[in-house]
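Novice: If you scroll down you'll find the structure; I have some questions about it.
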Amino acid sequence: MSDENQERPKRLTAQRKFQIYLETRAPDAPVGEIIRRNGLMLADLREVEETVEQAAIAALKINGTRKALPADVPPEEYARVANELQEKVKALADLTVEYQLFKKKQIWESEQERKRKSSRSN
């Protein structure tokens with residue numbers, strides 16, 4: 001089958017990514033074959049491995065301190081925080097554009113001043 005006719009693999013669920021991770025941990029596992037079969041690249045597998053490691057460390061830290069796992073966040077609270085984050089990202093983007101324009105204006109003005117000075121000295 002040609003590449004044009006092949007469907008892109010569906011987005012993998014977290015559960016499926018974990019299964020792939022476990023499958024690649026087996027002794028003598030054909031890692032290349034496993035990731036190709038699942039439509040992944042080696043970099044994707046490395047990202048999954050890093051995520052699993054970070055999650056395991058975080059869980060062990062929680063268990064080590066005998067703290068309870070954080071409670072689920074209500075959907076309303078999640079939506080509020082997500083909206084707030086989106087507003088802050090937009091504000092930061094706007095400020096970045098303004099800063100870049102300001103810097104360009106400063107450069108342009110300094111070039112104009114330099115031209116004026118050089119034309120006066122001639």
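Ordering of the structure tokens sets the chain letters (A, B, ...), residue numbers begin anew at 1 in every chain, and ligands are numbered from 1 in the order given.
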Looking only at the backbone, which of the residues in chain A does DSSP tag as helix (DSSP H, G or I), as number ranges by chain?
Specialist: A: 14-25, 31-37, 42-64, 75-121
Novice: With C-alpha atoms retained, write the just-selected residues as a compact mmCIF listing (two decimals), in the first residue's frame.
Specialist:
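Output contents, as saved in part_6.txt:
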# COMPACT_ATOMS: atom_id res chain seq x y z
CA ALA A 14 -2.52 7.29 27.61
CA GLN A 15 -3.36 3.66 28.36
CA ARG A 16 -2.15 2.54 24.91
CA LYS A 17 1.06 4.57 25.26
CA PHE A 18 1.71 2.88 28.58
CA GLN A 19 1.10 -0.54 27.01
CA ILE A 20 3.59 0.30 24.26
CA TYR A 21 6.05 1.45 26.92
CA LEU A 22 5.69 -1.85 28.79
CA GLU A 23 6.01 -3.83 25.56
CA THR A 24 9.29 -2.11 24.71
CA ARG A 25 10.68 -2.86 28.21
CA VAL A 31 11.58 -1.73 19.70
CA GLY A 32 11.75 -0.52 16.09
CA GLU A 33 9.00 -2.88 15.02
CA ILE A 34 6.82 -1.97 18.00
CA ILE A 35 7.00 1.77 17.41
CA ARG A 36 6.50 1.44 13.63
CA ARG A 37 3.47 -0.79 14.17
CA LEU A 42 11.77 6.84 18.43
CA ALA A 43 11.48 10.41 19.76
CA ASP A 44 7.81 9.71 20.61
CA LEU A 45 8.82 6.63 22.60
CA ARG A 46 11.51 8.61 24.42
CA GLU A 47 8.90 11.22 25.35
CA VAL A 48 6.59 8.49 26.71
CA GLU A 49 9.49 7.00 28.68
CA GLU A 50 10.32 10.40 30.18
CA THR A 51 6.68 11.01 31.10
CA VAL A 52 6.37 7.59 32.75
CA GLU A 53 9.58 8.18 34.70
CA GLN A 54 8.47 11.64 35.89
CA ALA A 55 5.02 10.35 36.88
CA ALA A 56 6.55 7.44 38.77
CA ILE A 57 8.92 9.72 40.65
CA ALA A 58 6.08 12.11 41.51
CA ALA A 59 3.91 9.23 42.75
CA LEU A 60 6.75 7.83 44.83
CA LYS A 61 7.35 11.23 46.39
CA ILE A 62 3.69 11.44 47.36
CA ASN A 63 3.71 7.91 48.78
CA GLY A 64 6.96 8.62 50.59
CA PRO A 75 -14.69 20.94 35.49
CA GLU A 76 -15.74 24.52 36.30
CA GLU A 77 -12.46 25.22 38.09
CA TYR A 78 -10.47 23.64 35.26
CA ALA A 79 -12.34 25.74 32.68
CA ARG A 80 -11.76 28.91 34.73
CA VAL A 81 -8.03 28.27 35.08
CA ALA A 82 -7.70 27.26 31.42
CA ASN A 83 -9.45 30.47 30.37
CA GLU A 84 -7.23 32.53 32.67
CA LEU A 85 -4.14 30.87 31.20
CA GLN A 86 -5.34 31.57 27.67
CA GLU A 87 -5.86 35.25 28.53
CA LYS A 88 -2.37 35.47 30.04
CA VAL A 89 -0.79 33.79 27.02
CA LYS A 90 -2.53 36.29 24.72
CA ALA A 91 -1.43 39.21 26.90
CA LEU A 92 2.14 37.94 26.87
CA ALA A 93 2.03 37.58 23.08
CA ASP A 94 0.71 41.15 22.76
CA LEU A 95 3.45 42.47 25.05
CA THR A 96 6.08 40.58 23.08
CA VAL A 97 4.91 42.19 19.84
CA GLU A 98 4.89 45.63 21.46
CA TYR A 99 8.39 45.09 22.83
CA GLN A 100 9.71 44.01 19.43
CA LEU A 101 8.17 47.08 17.79
CA PHE A 102 9.68 49.30 20.49
CA LYS A 103 13.14 47.79 19.95
CA LYS A 104 12.85 48.21 16.17
CA LYS A 105 11.82 51.84 16.67
CA GLN A 106 14.84 52.42 18.92
CA ILE A 107 17.18 50.89 16.34
CA TRP A 108 15.61 52.91 13.54
CA GLU A 109 15.88 56.15 15.56
CA SER A 110 19.53 55.48 16.45
CA GLU A 111 20.29 54.82 12.76
CA GLN A 112 18.57 58.08 11.80
CA GLU A 113 20.55 59.96 14.46
CA ARG A 114 23.79 58.40 13.22
CA LYS A 115 22.93 59.45 9.64
CA ARG A 116 22.20 63.01 10.79
CA LYS A 117 25.51 63.19 12.63
CA SER A 118 27.45 61.81 9.67
CA SER A 119 25.73 64.24 7.26
CA ARG A 120 26.59 67.19 9.57
CA SER A 121 30.24 66.19 9.75
Novice: Using only C-alpha atoms, determine which residues lie at most 12 Å from A:Arg11, disregarding the query and same-chain residues fewer than 6 positions distant; provide the list as JSON, numbers by chain.
Specialist: {"A": [17, 38, 39, 40]}
